[in-house]
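Encoded as structure tokens, the structure appears first; notes follow it.
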Amino acid sequence: MSSWAALERFLRTDPADVGCEQAMEILHVYVDLVAADRDAIRRYPGVAAHLAACGPCCEDFRGLLAAVTEDH
Amino acid sequence: MDTCGNPAPALDDASSEWICALNGTGAVREGALARLHAMLVRGAVRELRRREAGTWISGLELDDLAHQAADDAMLAILGKLGTFRGESRFTTWAYRFVVLEVSGKLGRHYWRRHPAERLEAEEWARLPDRLGAGPGEDAEQAELVKAVRQAVEETLTEHQRRLFVAVVLNEVPLDALVARLGTNRNAIYKAVFDARRKIRGFLVANGYLEDRRLGPS
């Protein structure tokens, strides 16, 4: 990927992005939907947009998903 | 209704059992507390091991951090037990607390291994690498760095500039900044989010990028 293409991708922001606070508030609900394959992205598009853009929140999502799929 | 407008379902059987036991008395409650704490310790250890490669924490230090995270998550869960409405399984709700505790503790732990100067140093030449760009022509990369640096200097507030430099140029983790600056993840994310929009606007206005399209290549 060229430098300008990488920059363009980095600078792109999604207006649907709900931010860290709201995404983390509902993360347990979102993760249960993902674990049950119940259309989490359609029900919570703002959370999906945030997890696609925020590395730390996405890491928490992966950790919680790993915890519930290994534990249940 | 939850915060996103979706209806909240009734509690499933397993979650009801957890809530009844934790709100109970005597041996029933003590047993539930012990099971919950053991579950949280397991979850914290598993999460720290999952992130081990990026944190350099292992062995006794990992176990100690896991127990701290589990203890703090336990306190938070018991304090907020009355707010659990069954939108998810109880165990998923509980695990969320320990995952977030692990993130917070790793953020604080970061500064034991990295100098505070990482907040201020400005390594502009590394910007293309930070953006994930592959090898490119020196002239192209120099033009990009110059344009972004100008955008940062002309459009960002001092606060936004400081956070942009720390997060993007110096790769300081968000949770480490939260710990250092005494703020929260959302505030830092929002500041960098706004900075990205401002920089993009500057680059479009000055002909470096076209709206939704690539600039010079």
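So you can find residues: chains in the structure tokens are A, B, ... in the order shown, residues in each start at 1, and ligands are numbered from 1 in order.
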
Exercise answer, chain A residues close to chain B, 7 Å and only C-alpha atoms, as a ChimeraX atom specification: /A:1-8,10-11,13,19-21,28-29,32,56,60,63-64,67-68

Nearby residues (only C-alpha atoms) at most 9 Å from Ala49 in chain A, same-chain spacing under 6 positions excluded, as number ranges by chain: A: 14-19, 41

Between CA of Asp12 in chain B and CA of Leu33 in chain A, distance in Å (one decimal): 14.4 Å

Per-residue DSSP, range 131-166 of chain B, filtered to alpha helix (DSSP H), as a PyMOL selection string: chain B and resi 138-155+158-164

Nearest to Gly207 in chain B by atom-to-atom distance, counting only C-alpha atoms, from B:Ala147, B:Glu101, B:Ile77, B:Arg161: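 The shortest atom-to-atom distance to Gly207 in chain B comes from B:Ala147.
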